[in-house]
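Colleague: Here you go, coords_17.cif (mmCIF, C-alpha atoms and all ligand atoms):
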data_entry
loop_
_atom_site.label_atom_id
_atom_site.label_comp_id
_atom_site.auth_asym_id
_atom_site.auth_seq_id
_atom_site.Cartn_x
_atom_site.Cartn_y
_atom_site.Cartn_z
CA MET A 1 -62.70 -10.79 36.98
CA SER A 2 -59.50 -12.81 36.61
CA LYS A 3 -56.41 -12.64 34.43
CA ALA A 4 -56.25 -15.81 32.33
CA ILE A 5 -54.32 -17.34 29.43
CA ILE A 6 -56.41 -18.40 26.46
CA ILE A 7 -55.85 -19.58 22.89
CA GLU A 8 -58.29 -18.82 20.08
CA GLN A 9 -56.53 -21.18 17.71
CA THR A 10 -53.94 -23.93 18.13
CA GLY A 11 -50.33 -23.31 17.22
CA GLY A 12 -47.07 -22.07 18.73
CA PRO A 13 -46.52 -20.30 22.08
CA GLU A 14 -47.47 -16.98 20.42
CA GLN A 15 -51.09 -18.17 20.32
CA MET A 16 -51.36 -17.73 24.12
CA LYS A 17 -52.92 -14.41 25.13
CA LEU A 18 -53.33 -12.83 28.55
CA VAL A 19 -56.93 -11.67 28.88
CA ASP A 20 -59.48 -10.70 31.55
CA VAL A 21 -62.29 -13.20 32.09
CA GLN A 22 -65.47 -13.04 34.11
CA VAL A 23 -65.70 -15.58 36.96
CA GLY A 24 -69.13 -16.47 38.33
CA GLU A 25 -70.57 -18.47 41.19
CA PRO A 26 -69.97 -22.23 41.56
CA GLY A 27 -72.83 -24.48 40.48
CA PRO A 28 -73.68 -27.96 41.79
CA GLY A 29 -70.50 -30.01 42.38
CA GLU A 30 -68.27 -26.98 41.71
CA ILE A 31 -65.98 -24.68 43.66
CA ARG A 32 -64.46 -21.26 43.08
CA ILE A 33 -60.74 -21.28 43.85
CA ARG A 34 -58.25 -18.40 44.02
CA HIS A 35 -54.90 -19.71 42.82
CA HIS A 36 -51.62 -18.94 44.57
CA ALA A 37 -49.49 -20.86 42.04
CA VAL A 38 -50.10 -22.81 38.84
CA GLY A 39 -48.23 -25.86 37.49
CA LEU A 40 -46.73 -26.13 34.00
CA ASN A 41 -47.08 -29.49 32.25
CA PHE A 42 -46.22 -30.95 28.89
CA ILE A 43 -49.90 -31.71 28.32
CA ASP A 44 -50.40 -27.90 28.15
CA VAL A 45 -48.12 -27.92 25.10
CA TYR A 46 -50.12 -30.71 23.43
CA GLN A 47 -53.36 -28.82 24.06
CA ARG A 48 -51.92 -25.53 22.85
CA SER A 49 -50.41 -27.01 19.68
CA GLY A 50 -53.43 -29.16 18.83
CA VAL A 51 -51.74 -32.57 19.34
CA TYR A 52 -54.66 -33.11 21.74
CA ALA A 53 -57.63 -31.44 20.03
CA LEU A 54 -60.06 -29.51 22.26
CA PRO A 55 -62.87 -27.05 21.52
CA LEU A 56 -61.74 -23.43 21.04
CA PRO A 57 -61.36 -20.85 22.45
CA LEU A 58 -59.58 -22.66 25.28
CA GLN A 59 -58.27 -21.51 28.65
CA LEU A 60 -55.17 -23.63 29.24
CA GLY A 61 -53.73 -25.26 32.38
CA MET A 62 -54.36 -28.48 34.28
CA GLU A 63 -52.76 -28.03 37.72
CA ALA A 64 -52.80 -25.42 40.49
CA ALA A 65 -53.00 -24.72 44.21
CA GLY A 66 -54.81 -22.01 46.13
CA VAL A 67 -57.63 -21.19 48.53
CA VAL A 68 -61.27 -22.19 48.06
CA GLU A 69 -63.46 -19.09 47.98
CA ALA A 70 -66.91 -20.64 47.59
CA VAL A 71 -68.47 -24.08 47.16
CA GLY A 72 -71.56 -25.03 45.19
CA PRO A 73 -74.43 -27.33 46.24
CA GLY A 74 -73.39 -30.92 46.95
CA VAL A 75 -69.71 -30.23 47.67
CA THR A 76 -68.95 -31.69 51.09
CA HIS A 77 -65.19 -32.32 51.15
CA LEU A 78 -64.20 -28.64 50.80
CA LYS A 79 -65.33 -25.34 52.33
CA ALA A 80 -64.49 -21.68 51.84
CA GLY A 81 -61.05 -20.93 53.28
CA ASP A 82 -59.57 -24.40 52.67
CA ARG A 83 -56.11 -24.67 51.15
CA ALA A 84 -56.43 -26.94 48.12
CA ALA A 85 -54.60 -28.30 45.07
CA TYR A 86 -55.54 -30.26 41.99
CA ALA A 87 -54.74 -31.93 38.70
CA SER A 88 -58.02 -31.80 36.88
CA GLN A 89 -60.00 -31.58 33.70
CA PRO A 90 -61.26 -29.42 32.13
CA PRO A 91 -58.26 -27.20 31.31
CA GLY A 92 -58.36 -23.66 32.70
CA ALA A 93 -55.76 -23.49 35.49
CA TYR A 94 -53.74 -20.67 33.86
CA CYS A 95 -55.59 -17.95 35.78
CA GLU A 96 -55.94 -16.19 39.12
CA LEU A 97 -59.48 -17.34 39.88
CA ARG A 98 -61.76 -19.99 38.39
CA VAL A 99 -64.90 -22.02 38.89
CA MET A 100 -64.32 -25.74 38.36
CA PRO A 101 -65.57 -29.23 39.26
CA ALA A 102 -64.68 -30.06 42.87
CA LYS A 103 -64.26 -33.82 42.38
CA CYS A 104 -60.50 -33.81 41.73
CA VAL A 105 -59.66 -30.91 44.07
CA CYS A 106 -58.00 -32.12 47.27
CA LYS A 107 -57.34 -30.35 50.57
CA LEU A 108 -53.64 -29.47 50.66
CA PRO A 109 -51.84 -30.58 53.85
CA ASP A 110 -50.53 -27.61 55.88
CA GLU A 111 -46.94 -28.86 55.55
CA ILE A 112 -47.08 -28.47 51.75
CA SER A 113 -46.70 -24.95 50.32
CA PHE A 114 -48.94 -23.63 47.54
CA GLU A 115 -45.94 -23.61 45.19
CA THR A 116 -45.13 -27.26 45.90
CA GLY A 117 -48.82 -28.18 45.66
CA ALA A 118 -49.09 -26.50 42.26
CA ALA A 119 -45.95 -28.23 41.02
CA MET A 120 -46.68 -31.73 42.21
CA MET A 121 -50.30 -32.72 41.68
CA LEU A 122 -50.38 -33.69 38.00
CA LYS A 123 -46.78 -34.90 37.88
CA GLY A 124 -46.88 -36.63 41.28
CA LEU A 125 -50.20 -38.39 40.68
CA THR A 126 -48.77 -39.57 37.36
CA ALA A 127 -45.66 -40.99 39.04
CA GLN A 128 -48.02 -42.57 41.60
CA TYR A 129 -50.20 -44.46 39.13
CA LEU A 130 -47.20 -45.47 37.01
CA LEU A 131 -45.08 -46.93 39.79
CA ARG A 132 -47.96 -48.29 41.90
CA LYS A 133 -50.47 -49.44 39.32
CA THR A 134 -48.88 -49.70 35.88
CA LEU A 135 -47.04 -52.95 36.49
CA PRO A 136 -46.04 -56.06 34.57
CA VAL A 137 -48.14 -59.23 35.05
CA GLN A 138 -45.58 -60.57 37.55
CA GLY A 139 -45.65 -57.25 39.49
CA LEU A 140 -42.47 -55.48 40.55
CA GLN A 141 -40.25 -56.60 43.39
CA ALA A 142 -37.45 -54.78 45.22
CA GLY A 143 -34.31 -54.92 43.10
CA ASP A 144 -36.16 -55.10 39.77
CA PHE A 145 -34.97 -52.92 36.90
CA VAL A 146 -37.29 -50.39 35.24
CA LEU A 147 -36.41 -47.91 32.50
CA PHE A 148 -37.76 -44.35 32.83
CA HIS A 149 -37.25 -41.89 29.97
CA ALA A 150 -36.83 -38.12 30.53
CA ALA A 151 -35.80 -38.90 34.10
CA ALA A 152 -34.68 -35.34 34.92
CA GLY A 153 -38.05 -33.79 33.97
CA GLY A 154 -41.06 -32.96 36.13
CA VAL A 155 -42.56 -36.44 36.32
CA GLY A 156 -39.08 -37.95 35.96
CA LEU A 157 -37.42 -36.54 39.09
CA ILE A 158 -40.43 -37.53 41.20
CA ALA A 159 -40.34 -41.05 39.72
CA CYS A 160 -36.58 -41.41 40.40
CA GLN A 161 -37.10 -40.70 44.09
CA TRP A 162 -40.26 -42.75 44.46
CA ALA A 163 -38.82 -45.78 42.62
CA LYS A 164 -35.83 -45.72 44.95
CA ALA A 165 -38.11 -45.60 47.99
CA LEU A 166 -39.94 -48.66 46.60
CA GLY A 167 -36.63 -50.47 46.14
CA TYR A 168 -36.63 -50.56 42.32
CA GLN A 169 -33.50 -49.99 40.26
CA LEU A 170 -34.61 -47.18 37.99
CA ILE A 171 -32.48 -46.70 34.89
CA GLY A 172 -33.10 -43.08 33.86
CA THR A 173 -32.46 -41.55 30.47
CA ALA A 174 -31.93 -37.84 29.86
CA GLY A 175 -30.70 -35.57 27.09
CA SER A 176 -27.53 -34.15 28.67
CA ASP A 177 -24.82 -35.15 31.14
CA GLU A 178 -26.06 -32.45 33.56
CA LYS A 179 -29.59 -33.86 33.47
CA CYS A 180 -28.20 -37.40 33.96
CA ALA A 181 -26.31 -36.21 37.05
CA LEU A 182 -29.53 -34.69 38.40
CA ALA A 183 -31.48 -37.94 37.93
CA LEU A 184 -28.68 -39.89 39.61
CA ALA A 185 -28.68 -37.47 42.55
CA HIS A 186 -32.44 -38.06 42.91
CA GLY A 187 -32.34 -41.83 43.19
CA ALA A 188 -31.85 -43.26 39.71
CA ALA A 189 -29.68 -46.36 40.06
CA HIS A 190 -28.18 -45.86 36.57
CA VAL A 191 -28.42 -43.10 33.99
CA ILE A 192 -27.99 -43.00 30.23
CA ASN A 193 -27.49 -39.87 28.14
CA TYR A 194 -29.69 -40.95 25.23
CA SER A 195 -28.56 -38.05 23.06
CA LYS A 196 -25.09 -39.66 22.94
CA GLU A 197 -25.50 -43.32 23.82
CA ASP A 198 -27.53 -46.20 22.37
CA PHE A 199 -29.85 -46.64 25.34
CA ALA A 200 -31.04 -50.14 24.35
CA ALA A 201 -27.45 -51.44 24.24
CA ARG A 202 -26.68 -49.78 27.59
CA VAL A 203 -29.81 -51.25 29.19
CA LYS A 204 -28.72 -54.74 28.05
CA GLU A 205 -25.28 -54.11 29.61
CA ILE A 206 -26.64 -52.78 32.90
CA THR A 207 -29.13 -55.66 33.29
CA GLY A 208 -26.66 -58.39 32.27
CA GLY A 209 -28.62 -59.05 29.06
CA LYS A 210 -31.93 -59.66 30.85
CA GLY A 211 -33.73 -56.41 30.08
CA VAL A 212 -36.08 -54.42 32.28
CA LYS A 213 -39.52 -55.41 33.54
CA VAL A 214 -41.16 -52.10 32.60
CA VAL A 215 -40.31 -49.20 30.30
CA TYR A 216 -42.09 -45.96 31.26
CA ASP A 217 -41.96 -43.97 28.02
CA SER A 218 -43.26 -40.41 27.73
CA VAL A 219 -40.94 -39.42 24.88
CA GLY A 220 -42.89 -41.37 22.25
CA LYS A 221 -41.79 -41.30 18.62
CA ASP A 222 -38.01 -41.08 19.17
CA THR A 223 -37.74 -43.81 21.83
CA TRP A 224 -40.55 -46.25 21.00
CA ASP A 225 -38.72 -48.84 18.86
CA LYS A 226 -35.65 -49.12 21.04
CA SER A 227 -37.74 -49.14 24.20
CA LEU A 228 -39.43 -52.36 23.03
CA ASP A 229 -35.96 -53.92 22.71
CA CYS A 230 -35.16 -53.08 26.35
CA LEU A 231 -37.85 -55.34 27.78
CA ALA A 232 -37.44 -58.73 29.44
CA PRO A 233 -39.89 -61.47 28.29
CA PHE A 234 -43.47 -60.64 29.38
CA GLY A 235 -42.28 -57.11 30.23
CA LEU A 236 -44.53 -54.08 29.99
CA MET A 237 -44.16 -51.15 27.63
CA ALA A 238 -46.00 -48.34 29.43
CA SER A 239 -46.38 -45.44 27.03
CA PHE A 240 -47.66 -42.26 28.70
CA GLY A 241 -46.62 -39.35 26.52
CA ASN A 242 -45.30 -38.06 23.22
CA ALA A 243 -42.85 -35.22 23.93
CA SER A 244 -40.97 -36.01 20.68
CA GLY A 245 -44.13 -36.72 18.64
CA ALA A 246 -46.82 -39.38 18.43
CA VAL A 247 -45.84 -43.04 18.18
CA ALA A 248 -46.44 -44.44 14.69
CA PRO A 249 -49.00 -47.25 14.27
CA PHE A 250 -47.41 -50.71 14.68
CA ALA A 251 -48.34 -54.33 14.00
CA PRO A 252 -49.08 -56.34 17.20
CA GLY A 253 -47.22 -59.25 15.60
CA ILE A 254 -43.88 -57.61 16.51
CA LEU A 255 -44.57 -58.10 20.23
CA GLY A 256 -44.30 -61.94 20.15
CA PRO A 257 -40.70 -62.32 19.01
CA LYS A 258 -39.66 -59.62 21.48
CA GLY A 259 -40.72 -61.94 24.33
CA SER A 260 -44.53 -61.81 24.33
CA ILE A 261 -44.33 -58.32 25.74
CA TYR A 262 -47.32 -56.19 26.81
CA VAL A 263 -48.09 -52.66 25.64
CA THR A 264 -50.31 -50.10 27.36
CA ARG A 265 -51.01 -46.39 26.80
CA GLN A 266 -51.95 -44.76 30.09
CA THR A 267 -53.45 -41.42 31.07
CA LEU A 268 -53.89 -39.98 34.54
CA PHE A 269 -57.48 -39.10 33.73
CA SER A 270 -58.49 -42.79 33.60
CA HIS A 271 -57.23 -43.10 37.18
CA ILE A 272 -58.81 -39.99 38.75
CA THR A 273 -62.43 -40.60 37.81
CA THR A 274 -64.07 -40.27 41.23
CA ARG A 275 -63.61 -38.26 44.40
CA GLU A 276 -62.58 -41.49 46.18
CA ASN A 277 -59.92 -42.75 43.77
CA THR A 278 -58.49 -39.22 43.39
CA GLN A 279 -58.20 -38.78 47.16
CA GLU A 280 -56.68 -42.24 47.63
CA MET A 281 -53.93 -41.47 45.11
CA ALA A 282 -53.44 -37.93 46.49
CA ASP A 283 -53.08 -39.29 50.03
CA ASP A 284 -50.33 -41.62 48.82
CA LEU A 285 -48.60 -38.68 47.11
CA PHE A 286 -49.01 -36.39 50.14
CA GLU A 287 -47.47 -39.09 52.35
CA ALA A 288 -44.52 -39.51 49.95
CA VAL A 289 -43.90 -35.75 50.04
CA THR A 290 -44.52 -34.98 53.72
CA SER A 291 -42.39 -37.97 54.80
CA GLY A 292 -39.51 -36.60 52.71
CA LYS A 293 -39.30 -39.69 50.47
CA VAL A 294 -40.07 -37.45 47.50
CA LYS A 295 -38.88 -33.85 47.29
CA ILE A 296 -40.51 -31.59 44.72
CA HIS A 297 -37.93 -29.61 42.78
CA ILE A 298 -39.19 -26.34 41.40
CA ASP A 299 -36.33 -25.43 39.09
CA GLN A 300 -38.09 -22.69 37.07
CA THR A 301 -40.75 -20.06 37.78
CA PHE A 302 -42.42 -17.70 35.30
CA PRO A 303 -45.05 -15.01 35.94
CA LEU A 304 -48.42 -15.61 34.21
CA ALA A 305 -47.70 -12.80 31.73
CA LYS A 306 -44.52 -14.67 30.62
CA ILE A 307 -46.32 -17.92 29.85
CA GLN A 308 -44.96 -17.96 26.31
CA ASP A 309 -41.39 -18.10 27.68
CA ALA A 310 -42.38 -21.01 29.94
CA HIS A 311 -43.69 -23.04 26.98
CA ILE A 312 -40.65 -22.19 24.85
CA ALA A 313 -38.30 -23.41 27.60
CA LEU A 314 -40.27 -26.64 28.19
CA GLU A 315 -40.44 -27.52 24.50
CA ALA A 316 -36.75 -26.69 23.98
CA ARG A 317 -35.81 -29.22 26.71
CA LYS A 318 -34.33 -26.33 28.75
CA THR A 319 -36.16 -27.17 31.99
CA THR A 320 -35.47 -29.72 34.71
CA GLY A 321 -37.78 -30.86 37.52
CA CYS A 322 -41.01 -28.87 37.94
CA THR A 323 -41.94 -25.42 36.65
CA ILE A 324 -44.56 -23.15 38.20
CA ILE A 325 -46.38 -20.06 37.05
CA THR A 326 -46.55 -17.33 39.69
CA LEU A 327 -49.46 -14.93 40.11
N1 LIG B 401 -50.31 -39.84 30.35
C1 LIG B 401 -50.26 -39.22 31.51
O1 LIG B 401 -51.02 -39.50 32.42
C2 LIG B 401 -49.24 -38.13 31.70
C3 LIG B 401 -49.31 -37.30 32.82
C4 LIG B 401 -48.29 -36.37 33.03
C5 LIG B 401 -47.25 -36.26 32.10
N2 LIG B 401 -47.28 -37.06 31.00
C6 LIG B 401 -46.17 -36.99 30.02
O2 LIG B 401 -44.96 -37.19 30.71
C7 LIG B 401 -43.94 -36.43 30.09
C8 LIG B 401 -43.27 -35.58 31.14
O3 LIG B 401 -44.13 -34.49 31.47
P1 LIG B 401 -43.55 -33.24 32.23
O4 LIG B 401 -44.64 -32.22 32.25
O5 LIG B 401 -42.93 -33.68 33.52
O6 LIG B 401 -42.42 -32.72 31.22
P2 LIG B 401 -40.82 -32.81 31.37
O7 LIG B 401 -40.42 -34.24 31.56
O8 LIG B 401 -40.39 -31.84 32.40
O9 LIG B 401 -40.38 -32.30 29.96
C9 LIG B 401 -40.36 -33.15 28.86
C10 LIG B 401 -38.97 -33.78 28.66
O10 LIG B 401 -39.06 -34.73 27.61
C11 LIG B 401 -37.79 -34.88 27.04
N3 LIG B 401 -37.86 -34.88 25.59
C12 LIG B 401 -37.39 -35.86 24.78
N4 LIG B 401 -37.57 -35.54 23.51
C13 LIG B 401 -38.15 -34.32 23.47
C14 LIG B 401 -38.56 -33.46 22.41
N5 LIG B 401 -38.40 -33.79 21.12
N6 LIG B 401 -39.12 -32.28 22.74
C15 LIG B 401 -39.31 -31.93 24.01
N7 LIG B 401 -38.94 -32.72 25.06
C16 LIG B 401 -38.36 -33.90 24.79
C17 LIG B 401 -36.92 -33.72 27.54
O11 LIG B 401 -35.99 -34.25 28.48
P3 LIG B 401 -34.51 -34.68 27.94
O12 LIG B 401 -33.88 -33.44 27.39
O13 LIG B 401 -33.84 -35.21 29.13
O14 LIG B 401 -34.75 -35.71 26.86
C18 LIG B 401 -37.90 -32.81 28.22
O15 LIG B 401 -37.32 -32.08 29.26
C19 LIG B 401 -44.60 -35.66 28.94
O16 LIG B 401 -44.45 -36.38 27.74
C20 LIG B 401 -46.05 -35.65 29.35
O17 LIG B 401 -46.92 -35.53 28.29
C21 LIG B 401 -48.25 -37.98 30.79
#
Now, as a test, write the supplied structure out as structure tokens.
Modeller:
Amino acid sequence: MSKAIIIEQTGGPEQMKLVDVQVGEPGPGEIRIRHHAVGLNFIDVYQRSGVYALPLPLQLGMEAAGVVEAVGPGVTHLKAGDRAAYASQPPGAYCELRVMPAKCVCKLPDEISFETGAAMMLKGLTAQYLLRKTLPVQGLQAGDFVLFHAAAGGVGLIACQWAKALGYQLIGTAGSDEKCALALAHGAAHVINYSKEDFAARVKEITGGKGVKVVYDSVGKDTWDKSLDCLAPFGLMASFGNASGAVAPFAPGILGPKGSIYVTRQTLFSHITTRENTQEMADDLFEAVTSGKVKIHIDQTFPLAKIQDAHIALEARKTTGCTIITL
């Protein structure tokens, strides 16, 4: 048996219930893992509220770290007793113990704690594919400007540090002066408090009128229009989230006069489709963390039984950096 958080219908944080679930033996390609810590992500909010529709009842959670207890037939990269961490579908990480597909579960380097592993897999792999693979047609060179919204959040603080290590000038936006200071302290070259300032005008000022080569936008509805105006000709609008709501449909014709800009909507789960591509990205992330280039900030922890409070804080923009659920 395992304690787990499930929803029977979509809605607010009150829909999440702590229950006991039966956990069986792993089948082909599966493992059973005992979690030591679980990561909190904004995607959990979308799945809970129904923004991303999934079959119900649903056990939530997409990220965790722990110890492998048993492996099913065909699993060769893990064995019982291995420390491991993952960002993976299907949801179900909000629990003590689960059976799940092994493909996206990676061995956790000894230097990385379970708490850090649980905090960094989904957010760190996202920062990895954004900064390494979600690039404008001309690529990115050292010194180039990029705009990254919600820069003091979980993905944001990792991206600030990683962009600096890659030599990019990351302009970070955040919703308060305190959050802006945090992003700046973590490697953002410039910060904009977008709750007070017109971020498109400030981006023009900072870049001497040229604009940025990429906008990484996870805020969605509230930032979309102005983000398009921040781009240099042939720049890339990389949408990867909708914390403020879904982006409204738009006519492609608007992209020409803005400088023949490109638009993409990315999801981590298009990048981690095989054991090989997952491990390749995880190795890059593990190197960034163990070398000290990227430090994982766990600024909030909540016990599993207080999961509702964790969601309330995340949705109310009260968190910074990463949040973990303790067991
Ligand atoms: N597509 C992918 O592959 C992928 C993977 C991981 C994460 N994501 C997305 O990346 C974003 C960051 O994820 P995270 O888990 O690290 O969360 P987070 O950044 O720690 O939290 C979300 C942040 O978004 C900002 N925000 C702006 N408007 C908001 C609103 N109306 N309501 C709530 N928050 C708002 C807030 O920062 P300020 O107060 O500073 O504005 C808030 O702290 C999320 O949108 C998530 O869905 C996408």
Colleague: Neighbours of Ile312 (chain A) within 10 Å (only C-alpha atoms; same-chain residues fewer than 3 positions away dropped), as a VMD selection string?
Modeller: chain A and resid 12 to 14 45 307 to 309 315 to 319
Colleague: Which residue out of A:Ala282, A:Val38, A:Cys180, A:Leu54 has the minimum interatomic distance to ligand LIG 401 (chain B) when only C-alpha atoms and all ligand atoms are used?
Modeller: A:Cys180
Colleague: Counting only C-alpha atoms, which residue out of A:Val51, A:Cys95, A:Cys106, A:Ile7 sits closest to Thr76 (chain A)?
Modeller: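 Closest to Thr76 (chain A) of all the choices is A:Cys106.
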Colleague: Show me which residues sit within 7 Å of ligand LIG 401 (chain B) when counting all atoms listed in the file, and put them as a VMD selection string.
Modeller: chain A and resid 40 to 43 122 to 123 126 150 to 156 173 to 176 179 218 to 219 240 to 245 266 to 269 314 to 322
Colleague: Excluding same-chain residues fewer than 2 positions from Asp229 (chain A), what lies within 8 Å of it counting only C-alpha atoms, as a PDB file with C-alpha atoms, in the coordinates of the input?
Modeller:
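around-v2.pdb was written with the following content:
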ATOM      1  CA  ALA A 200     -31.040 -50.140  24.350  1.00  0.00           C
ATOM      2  CA  ASP A 225     -38.720 -48.840  18.860  1.00  0.00           C
ATOM      3  CA  LYS A 226     -35.650 -49.120  21.040  1.00  0.00           C
ATOM      4  CA  SER A 227     -37.740 -49.140  24.200  1.00  0.00           C
ATOM      5  CA  LEU A 231     -37.850 -55.340  27.780  1.00  0.00           C
ATOM      6  CA  LYS A 258     -39.660 -59.620  21.480  1.00  0.00           C
TER       7      LYS A 258
END
Colleague: Would you mind telling me which residue in A:Ala305, A:Leu97, A:Leu236, A:Leu182 lies nearest to Lys213 (chain A) when using only C-alpha atoms?
Modeller: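 Under the stated criterion, the closest residue is A:Leu236.
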Colleague: Quick one: everything within 9 Å of Asp144 (chain A), counting only C-alpha atoms, minus sequence neighbours fewer than 2 positions away in the same chain. Send it as a PyMOL selection string.
Modeller: chain A and resi 140-142+146+167-170+212-213
Colleague: Using all atoms listed in the file, find the one residue out of A:Pro136, A:Gly172, A:Pro55, A:Pro109 that sits nearest to Tyr262 (chain A).
Modeller: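 Checking each candidate against Tyr262 (chain A), we get A:Pro136 as the closest.
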Colleague: Identify which of the residues A:Leu135, A:Ala310, A:Leu56, A:Val67 lies closest to Glu96 (chain A), counting all atoms listed in the file when measuring atom-to-atom distances.
Modeller: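 Ranking A:Leu135, A:Ala310, A:Leu56, A:Val67 by distance to Glu96 (chain A), first place goes to A:Val67.
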Colleague: Please report the interatomic distance between CA of Lys221 (chain A) and CA of Asp177 (chain A) in Å with one decimal.
Modeller: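 CA of Asp177 (chain A) lies 22.0 Å from CA of Lys221 (chain A).
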Colleague: Hey, which of A:Met281, A:Val19, A:Ala70, A:Val263 ends up closest to Arg34 (chain A)? Count only C-alpha atoms.
Modeller: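 Looking only at the distances to Arg34 (chain A), the closest residue turns out to be A:Ala70.
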Colleague: Within 12 Å of Arg132 (chain A), counting only C-alpha atoms, which residues show up once you throw out same-chain ones fewer than 5 positions away? Write them as a short mmCIF file (atom, residue, chain, number, x, y, z; two decimals) with C-alpha atoms, in the frame of the given file, please.
Modeller:
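Final output, saved to result_33.cif:
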data_model
loop_
_atom_site.label_atom_id
_atom_site.label_comp_id
_atom_site.auth_asym_id
_atom_site.auth_seq_id
_atom_site.Cartn_x
_atom_site.Cartn_y
_atom_site.Cartn_z
CA GLY A 124 -46.88 -36.63 41.28
CA LEU A 125 -50.20 -38.39 40.68
CA THR A 126 -48.77 -39.57 37.36
CA ALA A 127 -45.66 -40.99 39.04
CA GLY A 139 -45.65 -57.25 39.49
CA LEU A 140 -42.47 -55.48 40.55
CA GLN A 141 -40.25 -56.60 43.39
CA ALA A 159 -40.34 -41.05 39.72
CA TRP A 162 -40.26 -42.75 44.46
CA ALA A 163 -38.82 -45.78 42.62
CA ALA A 165 -38.11 -45.60 47.99
CA LEU A 166 -39.94 -48.66 46.60
CA TYR A 168 -36.63 -50.56 42.32
CA HIS A 271 -57.23 -43.10 37.18
CA MET A 281 -53.93 -41.47 45.11
CA ASP A 284 -50.33 -41.62 48.82
CA LEU A 285 -48.60 -38.68 47.11
#
Colleague: Box along x, y and z, 8 Å on every side, all listed atoms of region 146-164 of chain A inside: centre and edge lengths in Å to one decimal, as JSON.
Modeller:
{"center_x": -38.6, "center_y": -41.7, "center_z": 37.5, "size_x": 23.9, "size_y": 33.4, "size_z": 31.0}
Colleague: What is the CA of Met100 (chain A) to CA of Glu30 (chain A) distance in Å?
Modeller: 5.3 Å
Colleague: May I ask for the distance between CA of Ala288 (chain A) and CA of Arg98 (chain A), given in Å to one decimal place?
Modeller: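 Distance reported for this atom pair: 28.5 Å.
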Colleague: Hey, what's within 12 Å of Phe286 (chain A) if we count all atoms listed in the file and toss same-chain stuff fewer than 6 positions away? As a PyMOL selection string, please?
Modeller: chain A and resi 85+106-113+116-117+120-121+124-125+128+278-280+292-296
Colleague: Taking (-42.0, -19.2, 34.1) in the file's own coordinates, collect the residues within 8 Å, counting all atoms listed in the file, and hand them back as a PyMOL selection string.
Modeller: chain A and resi 300-304+306-307+309-310+323-326
Colleague: For N, CA, C and O atoms, please extract region 271-280 of chain A from the block and return it as a short mmCIF file (atom, residue, chain, number, x, y, z; two decimals), in the first residue's frame.
Modeller:
data_model
loop_
_atom_site.label_atom_id
_atom_site.label_comp_id
_atom_site.auth_asym_id
_atom_site.auth_seq_id
_atom_site.Cartn_x
_atom_site.Cartn_y
_atom_site.Cartn_z
N HIS A 271 10.49 15.67 -26.27
CA HIS A 271 11.95 15.53 -26.26
C HIS A 271 12.39 14.25 -25.57
O HIS A 271 13.42 13.68 -25.92
N ILE A 272 11.63 13.81 -24.55
CA ILE A 272 12.02 12.58 -23.84
C ILE A 272 11.10 11.45 -24.29
O ILE A 272 10.22 11.02 -23.57
N THR A 273 11.39 10.96 -25.49
CA THR A 273 10.54 9.91 -26.08
C THR A 273 11.19 8.54 -26.00
O THR A 273 10.50 7.53 -26.16
N THR A 274 12.50 8.50 -25.79
CA THR A 274 13.20 7.21 -25.74
C THR A 274 14.14 7.21 -24.53
O THR A 274 14.46 8.26 -23.97
N ARG A 275 14.57 6.01 -24.16
CA ARG A 275 15.56 5.88 -23.10
C ARG A 275 16.81 6.70 -23.46
O ARG A 275 17.37 7.42 -22.64
N GLU A 276 17.23 6.64 -24.73
CA GLU A 276 18.48 7.28 -25.16
C GLU A 276 18.39 8.81 -25.10
O GLU A 276 19.27 9.45 -24.54
N ASN A 277 17.31 9.37 -25.68
CA ASN A 277 17.27 10.85 -25.67
C ASN A 277 17.01 11.38 -24.25
O ASN A 277 17.50 12.45 -23.89
N THR A 278 16.30 10.62 -23.43
CA THR A 278 16.10 11.05 -22.04
C THR A 278 17.43 11.07 -21.30
O THR A 278 17.78 12.04 -20.62
N GLN A 279 18.20 9.99 -21.46
CA GLN A 279 19.48 9.90 -20.73
C GLN A 279 20.47 10.96 -21.20
O GLN A 279 21.19 11.55 -20.39
N GLU A 280 20.47 11.22 -22.52
CA GLU A 280 21.38 12.23 -23.06
C GLU A 280 21.09 13.61 -22.44
O GLU A 280 21.99 14.33 -22.01
#
